[in-house]
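*Asks:* Dumping the structure here so I can ask a few things about it.
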Amino acid sequence: MAKSFTDSEREIIRSKLIESCMESWSKYGYHKTNVSELCQIAGISTGAFYQFFASKELLFVESAMNFVSSLSRIFDGCMQESPDKNGFANGMKATQREIQKMGWFSSLPDVWPLLVRKLPPDFVEQDFRDDMKRYQEIIEKYNLKSKKNLEEISSILQLVSTSALLKIHLYGDANQAWDFIVDIVVDALFD
């Protein structure tokens, strides 16, 4: 019989699994991150893992989403300092600098196709809709005047953000190039 956990225990264990996943992913990569080792750190059996996550892939996605939430706070801080398109560009630049500190995040281009195959079929589409909703909230909250429709803005920003993951393969000052591209794109999207 599966062990039952209190709500408090569930929250603590879930947090431990996410934290240890991010740490292991950063050190060893996706393929060498082992669910049984993560369970050992969290103090649960491997069988109990599935009370928290349906798969290793969903744990990885939840870990990435957890990190993205912290990036949203950084972005919001930039928007509050400068509630205009410059704040938007600064938010993109600041979050990219934070991403660079997380080694595991740069492995997403290699790992993402593997994760997506094992995720629910509508996951990517829902993620895109969530991004669109987030951009809409920012546009409305800060009264940004957009030059494109919301779907175009979301697609363009998703493409630009995804390309930033490839910066580690570039020669020269990739941050300077990133900042240049962000400034041009944001200027093309907003008045």
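Lettering and numbering for the structure tokens are positional, with chains as A, B, ... in the shown order, residues counted from 1 in each chain, and ligands counted from 1 in the shown order.
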Quick one: DSSP helix (DSSP H, G or I) residues in segment 128-159 of chain A, as a VMD selection string?
*Replies:* chain A and resid 128 to 141 150 to 159
*Asks:* So that I can see what lies close to segment 9-15 of chain A, please list as a list in words the residues with an atom at most 12 Å from it, counting only C-alpha atoms and leaving out residues fewer than 2 positions away in the same chain.
*Replies:*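 Answer for this query is Lys3, Ser4, Phe5, Thr6, Asp7, Leu17, Ile18, Glu19, Ser20, Cys21, Met22, Leu38, Cys39, Gln40, Ile41, Ala42, Gly43, Ile44, Ser45, Ala48, Phe49, Tyr50, Gln51, Phe52, Phe53, Leu59, Glu62, Ser63 and Asn66 of chain A.
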*Asks:* Would you export the selected residues with C-alpha atoms as a PDB file, in the first residue's frame, please?
*Replies:*
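Saved to again39.pdb:
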```pdb
ATOM      1  CA  LYS A   3       2.271   5.712   1.938  1.00  0.00           C
ATOM      2  CA  SER A   4       0.063   8.737   2.390  1.00  0.00           C
ATOM      3  CA  PHE A   5       1.564  12.118   3.161  1.00  0.00           C
ATOM      4  CA  THR A   6       0.122  15.141   4.895  1.00  0.00           C
ATOM      5  CA  ASP A   7      -0.282  18.302   2.841  1.00  0.00           C
ATOM      6  CA  LEU A  17      12.433  16.929  -5.514  1.00  0.00           C
ATOM      7  CA  ILE A  18      12.368  20.118  -7.606  1.00  0.00           C
ATOM      8  CA  GLU A  19      15.417  21.604  -5.884  1.00  0.00           C
ATOM      9  CA  SER A  20      17.463  18.412  -6.143  1.00  0.00           C
ATOM     10  CA  CYS A  21      16.372  17.964  -9.769  1.00  0.00           C
ATOM     11  CA  MET A  22      17.659  21.428 -10.674  1.00  0.00           C
ATOM     12  CA  LEU A  38      16.384  12.370  -6.243  1.00  0.00           C
ATOM     13  CA  CYS A  39      13.975  10.277  -4.172  1.00  0.00           C
ATOM     14  CA  GLN A  40      16.748   9.365  -1.772  1.00  0.00           C
ATOM     15  CA  ILE A  41      17.524  13.074  -1.241  1.00  0.00           C
ATOM     16  CA  ALA A  42      13.818  13.799  -0.706  1.00  0.00           C
ATOM     17  CA  GLY A  43      13.512  10.881   1.733  1.00  0.00           C
ATOM     18  CA  ILE A  44      10.930   8.895  -0.220  1.00  0.00           C
ATOM     19  CA  SER A  45      10.845   5.605  -2.089  1.00  0.00           C
ATOM     20  CA  ALA A  48       6.286   7.193  -3.859  1.00  0.00           C
ATOM     21  CA  PHE A  49       7.799   9.513  -6.496  1.00  0.00           C
ATOM     22  CA  TYR A  50       4.795   8.871  -8.721  1.00  0.00           C
ATOM     23  CA  GLN A  51       2.482  10.345  -6.100  1.00  0.00           C
ATOM     24  CA  PHE A  52       4.227  13.656  -6.832  1.00  0.00           C
ATOM     25  CA  PHE A  53       5.060  13.465 -10.548  1.00  0.00           C
ATOM     26  CA  LEU A  59       9.536  16.819 -12.763  1.00  0.00           C
ATOM     27  CA  GLU A  62       8.091  21.644 -13.184  1.00  0.00           C
ATOM     28  CA  SER A  63      11.688  22.463 -12.206  1.00  0.00           C
ATOM     29  CA  ASN A  66       9.798  27.020 -11.074  1.00  0.00           C
TER      30      ASN A  66
END
```
*Asks:* Using only C-alpha atoms, which residues sit within 12 Å of Ile138 of chain A once same-chain residues fewer than 4 positions away are excluded, as number ranges by chain?
*Replies:* A: 72, 75-80, 83-85, 87-88, 91, 131-134, 142-146, 150, 153-154
*Asks:* Between A:Ser107, A:Thr33, A:Thr46, A:Asn86, which one has atoms that come closest to Leu166 of chain A, using only C-alpha atoms?
*Replies:*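 Closest to Leu166 of chain A, using only C-alpha atoms: A:Ser107.
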*Asks:* Have a look at A:Asn34, A:Gln96, A:Ser161, A:Ser8 and name the one nearest to Val185 of chain A; count only C-alpha atoms.
*Replies:*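 Smallest distance to Val185 of chain A is found for A:Ser161.
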